[in-house]
Amino acid sequence: LLFVVGTVSCTFFLAVNGLYSASDDVIELTPTNFNKEVIQSESLWLVEFYAPWCGHCQRLTPEWKKAATALKGVVKVGAVDADKHQSLGGQYGVRGFPTIKIFGANKNKAEDYQGGRTSDAIVDAALSALRSLVKERLSGRSGGYSSGKQSRESGGGDKKDVIELTDDSFDKNVINSDDVWMVEFYAPWCGHCKNLEPEWAAAATEVKEQTKGKVKLAAVDATVNQVLASRYGIRGFPTIKIFQKGEDPVDYDGGRTRSDIIARALDLFSDNAPPPELLEIISEDVLKSTCDAHQLCIISVLPHILDTGASGRNSYLDVMLKMAEKYKKKMWGWLWTEAGAQSDLESSLGIGGFGYPAMAAVNARKMKFALLKGSFSEQGINEFLRELSVGRGSTAPVGGGAFPKIHSVEPWDGKDGELPVEDDIDLSDVDLDDWDKDEL
């Protein structure tokens, strides 16, 4: 159960120093210590994911410290600088700041905190969660993740997204698949495998969601499936191999935490994913479906076809496609329209009537946008998008607080524009001499 606190979140501002220090009762968490401190802990944890530049986070800080002091020795209170440690924030679906999550009996399923931002409200929620944790233990339902051979064979829900493969099922699932597979070869008695199991299971669920099933995490019991173990020269456990269509398998030699595994899986996904589609805004449905489905949608307003011709327009579209490819890991949406075709949209984004080509990055959930200030070139757009990708840049609310009416238009036919045809005037019947006299 993952959630974001409140409906008001911070977006792009300049970074400042961290909000917590060693003298506070708030425990600073990083990718290095998060697994040991939180995931492997028996304690109940409240964890704030923050960004130092975020005003809402800065206002929460004294209340968070006060709650941490009050709960000391009872409930652990931590904080993650998710601007600095973006992989950790991304692992838990952090989209805005501050985000607060409760890690209770089952550390693989963070619970949502949606209460107030005062120390009293935070303490009340912590004690309520603690009461639930104790009652679960009393009833014999630990909610934790069991490891080892028993859980491998039990079909428990925590590993629901790890695909078990065998000598018989491996080839038809993996070898001819268009998807990318990360396969763990394990032995049930292996201690390192048991330690990896909850990380592998949690990563499998997150990777399935973020790649829409295009990267799959699987497991093979190498003590049972000895044909596979022999074919791939498995000598130690766990061994993780990456399989991609048409390529020899390669060893995964990265870290063993879920964040390490997820990061590699997303790299593999982006390397294999086609570039995002670049769509012309020809209807309201195109705009809404693209912007609602992505964290940001990048909207370009290109000059009228009569000003650029087809070759000029295509050169602008090529720049956008290059940038879409470069930033495809971000999984943003990409749209364009012609100057004047969607004048209401232009006005709501502060473009309206001049300065073409123009570009705006829109967060449809918050109805905020940032405008490209530099040149509409690879260098200028790259600088603009790089700032956005690290949470910086000035933003403004979309005019009217919602997308305006979008007009349905015919898609561009790929050709040069044509001037409107004017009616031919037959001057043979006009007496020009008389006309001149009348005028004079």
# chains A, B, ... in the order shown; residues from 1 in each chain; ligands from 1
call {"tool": "select_by_dssp", "arguments": {"residues": "range 337-411 of chain A", "states": "alpha helix (DSSP H)", "output": "list of chain:residue names"}}
result
A:Ser343, A:Asp344, A:Leu345, A:Glu346, A:Ser347, A:Ser348, A:Glu378, A:Gln379, A:Gly380, A:Ile381, A:Asn382, A:Glu383, A:Phe384, A:Leu385, A:Arg386, A:Glu387, A:Leu388, A:Ser389
call {"tool": "write_last_selection", "arguments": {"atoms": "C-alpha atoms", "output": "compact mmCIF listing (two decimals), in the first residue's frame"}}
result
# COMPACT_ATOMS: atom_id res chain seq x y z
CA SER A 343 -4.84 28.91 -29.23
CA ASP A 344 -6.65 28.30 -25.91
CA LEU A 345 -4.01 25.76 -24.91
CA GLU A 346 -1.25 28.16 -25.91
CA SER A 347 -2.76 30.89 -23.73
CA SER A 348 -3.09 28.56 -20.73
CA GLU A 378 19.15 20.02 -28.96
CA GLN A 379 21.37 21.99 -26.58
CA GLY A 380 18.63 24.34 -25.35
CA ILE A 381 16.02 21.62 -24.89
CA ASN A 382 18.53 19.27 -23.28
CA GLU A 383 19.39 21.91 -20.67
CA PHE A 384 15.68 22.54 -20.02
CA LEU A 385 14.84 18.85 -19.62
CA ARG A 386 17.92 18.14 -17.52
CA GLU A 387 16.84 20.80 -15.04
CA LEU A 388 13.34 19.32 -14.92
CA SER A 389 14.68 15.80 -14.41
call {"tool": "residues_around", "arguments": {"residues": "Ile39 in chain A", "least_positions_apart": "2", "cutoff": "12 Å", "atoms": "only C-alpha atoms", "output": "PyMOL selection string"}}
result
chain A and resi 29+31+33-37+41-45+47+102-110+144-145+195+198-199+202+257-258
call {"tool": "residues_around", "arguments": {"residues": "His294 in chain A", "least_positions_apart": "3", "cutoff": "12 Å", "atoms": "only C-alpha atoms", "output": "ChimeraX atom specification"}}
result
/A:95,210,276,287-291,297-298,328-335,361-365
call {"tool": "residues_around", "arguments": {"residues": "Ser87 in chain A", "least_positions_apart": "4", "cutoff": "9 Å", "atoms": "only C-alpha atoms", "output": "PyMOL selection string"}}
result
chain A and resi 31+82+91-92+259-260+262-263
call {"tool": "write_last_selection", "arguments": {"atoms": "all heavy atoms", "output": "mmCIF file, in the first residue's frame"}}
result
data_model
loop_
_atom_site.group_PDB
_atom_site.id
_atom_site.type_symbol
_atom_site.label_atom_id
_atom_site.label_comp_id
_atom_site.auth_asym_id
_atom_site.auth_seq_id
_atom_site.Cartn_x
_atom_site.Cartn_y
_atom_site.Cartn_z
ATOM 1 N N PRO A 31 20.350 4.740 0.658
ATOM 2 C CA PRO A 31 20.347 3.407 0.034
ATOM 3 C C PRO A 31 21.305 2.430 0.702
ATOM 4 O O PRO A 31 21.110 1.224 0.668
ATOM 5 C CB PRO A 31 20.794 3.709 -1.415
ATOM 6 C CG PRO A 31 20.376 5.122 -1.652
ATOM 7 C CD PRO A 31 20.571 5.812 -0.334
ATOM 8 N N ALA A 82 15.178 12.291 -0.699
ATOM 9 C CA ALA A 82 14.856 11.618 -1.967
ATOM 10 C C ALA A 82 15.272 12.442 -3.171
ATOM 11 O O ALA A 82 15.224 11.950 -4.300
ATOM 12 C CB ALA A 82 13.357 11.306 -2.028
ATOM 13 N N GLN A 91 12.001 3.743 -5.898
ATOM 14 C CA GLN A 91 11.672 2.367 -5.511
ATOM 15 C C GLN A 91 10.334 2.301 -4.787
ATOM 16 O O GLN A 91 9.592 1.322 -4.903
ATOM 17 C CB GLN A 91 12.788 1.863 -4.591
ATOM 18 C CG GLN A 91 12.645 0.434 -4.132
ATOM 19 C CD GLN A 91 13.807 0.075 -3.212
ATOM 20 O OE1 GLN A 91 14.930 0.488 -3.425
ATOM 21 N NE2 GLN A 91 13.523 -0.665 -2.192
ATOM 22 N N TYR A 92 10.020 3.357 -4.033
ATOM 23 C CA TYR A 92 8.759 3.373 -3.283
ATOM 24 C C TYR A 92 7.718 4.298 -3.920
ATOM 25 O O TYR A 92 6.783 4.741 -3.269
ATOM 26 C CB TYR A 92 9.027 3.755 -1.818
ATOM 27 C CG TYR A 92 9.772 2.653 -1.101
ATOM 28 C CD1 TYR A 92 11.144 2.729 -0.882
ATOM 29 C CD2 TYR A 92 9.110 1.488 -0.718
ATOM 30 C CE1 TYR A 92 11.835 1.692 -0.265
ATOM 31 C CE2 TYR A 92 9.789 0.448 -0.110
ATOM 32 C CZ TYR A 92 11.149 0.554 0.113
ATOM 33 O OH TYR A 92 11.814 -0.489 0.707
ATOM 34 N N SER A 259 16.803 -1.938 -4.636
ATOM 35 C CA SER A 259 17.030 -0.710 -5.402
ATOM 36 C C SER A 259 18.075 -0.936 -6.487
ATOM 37 O O SER A 259 17.954 -0.419 -7.602
ATOM 38 C CB SER A 259 17.434 0.447 -4.491
ATOM 39 O OG SER A 259 18.580 0.136 -3.746
ATOM 40 N N ASP A 260 19.126 -1.737 -6.180
ATOM 41 C CA ASP A 260 20.132 -2.060 -7.192
ATOM 42 C C ASP A 260 19.504 -2.858 -8.335
ATOM 43 O O ASP A 260 19.761 -2.597 -9.513
ATOM 44 C CB ASP A 260 21.261 -2.898 -6.572
ATOM 45 C CG ASP A 260 22.116 -2.106 -5.595
ATOM 46 O OD1 ASP A 260 22.336 -0.918 -5.840
ATOM 47 O OD2 ASP A 260 22.539 -2.684 -4.580
ATOM 48 N N ILE A 262 16.309 -3.088 -9.196
ATOM 49 C CA ILE A 262 15.338 -2.271 -9.943
ATOM 50 C C ILE A 262 16.058 -1.324 -10.901
ATOM 51 O O ILE A 262 15.664 -1.174 -12.064
ATOM 52 C CB ILE A 262 14.430 -1.483 -8.973
ATOM 53 C CG1 ILE A 262 13.493 -2.442 -8.230
ATOM 54 C CG2 ILE A 262 13.628 -0.413 -9.717
ATOM 55 C CD1 ILE A 262 12.789 -1.809 -7.041
ATOM 56 N N ALA A 263 17.130 -0.693 -10.410
ATOM 57 C CA ALA A 263 17.864 0.256 -11.251
ATOM 58 C C ALA A 263 18.405 -0.432 -12.503
ATOM 59 O O ALA A 263 18.313 0.098 -13.622
ATOM 60 C CB ALA A 263 19.008 0.890 -10.450
#
call {"tool": "residues_around", "arguments": {"residues": "Ser300 in chain A", "least_positions_apart": "3", "cutoff": "10 Å", "atoms": "only C-alpha atoms", "output": "list in words"}}
result
Glu280, Ile281, Cys297, Pro303, Tyr316, Leu317, Met320, Trp334, Leu335, Trp336, Thr337, Glu338, Ala339, Glu346, Tyr356, Pro357, Ala358, Met359, Ala360, Ala361, Leu372 and Phe376 of chain A
call {"tool": "residues_around", "arguments": {"residues": "Ser23 in chain A", "least_positions_apart": "6", "cutoff": "12 Å", "atoms": "only C-alpha atoms", "output": "list in words"}}
result
Lys65, Ala68 and Thr69 of chain A
call {"tool": "closest_residue", "arguments": {"among": "A:Val26, A:Val180, A:Ala129, A:Ala229", "to": "Trp64 in chain A", "atoms": "only C-alpha atoms"}}
result
A:Val26
call {"tool": "atom_distance", "arguments": {"atom1": "CA of Ser132 in chain A", "atom2": "CA of Leu71 in chain A"}}
result
16.3 Å
call {"tool": "closest_residue", "arguments": {"among": "A:Arg117, A:Glu111, A:Thr32, A:Ala310", "to": "Arg59 in chain A", "atoms": "only C-alpha atoms"}}
result
A:Arg117
call {"tool": "residues_around", "arguments": {"residues": "range 221-227 of chain A", "least_positions_apart": "3", "cutoff": "12 Å", "atoms": "only C-alpha atoms", "output": "PyMOL selection string"}}
result
chain A and resi 148-149+152-153+163-171+183-190+193+218+230-240
call {"tool": "select_by_dssp", "arguments": {"residues": "range 260-318 of chain A", "states": "strand (DSSP E or B)", "output": "list of chain:residue names"}}
result
A:Leu278, A:Leu279, A:Glu280, A:Cys297, A:Ile298, A:Ile299, A:Ser300, A:Val301, A:Leu302
call {"tool": "atom_distance", "arguments": {"atom1": "CA of Ser128 in chain A", "atom2": "CA of Thr61 in chain A"}}
result
21.7 Å
call {"tool": "closest_residue", "arguments": {"among": "A:Gly191, A:Ala265, A:Asn176, A:Val409", "to": "Leu217 in chain A", "atoms": "only C-alpha atoms"}}
result
A:Ala265
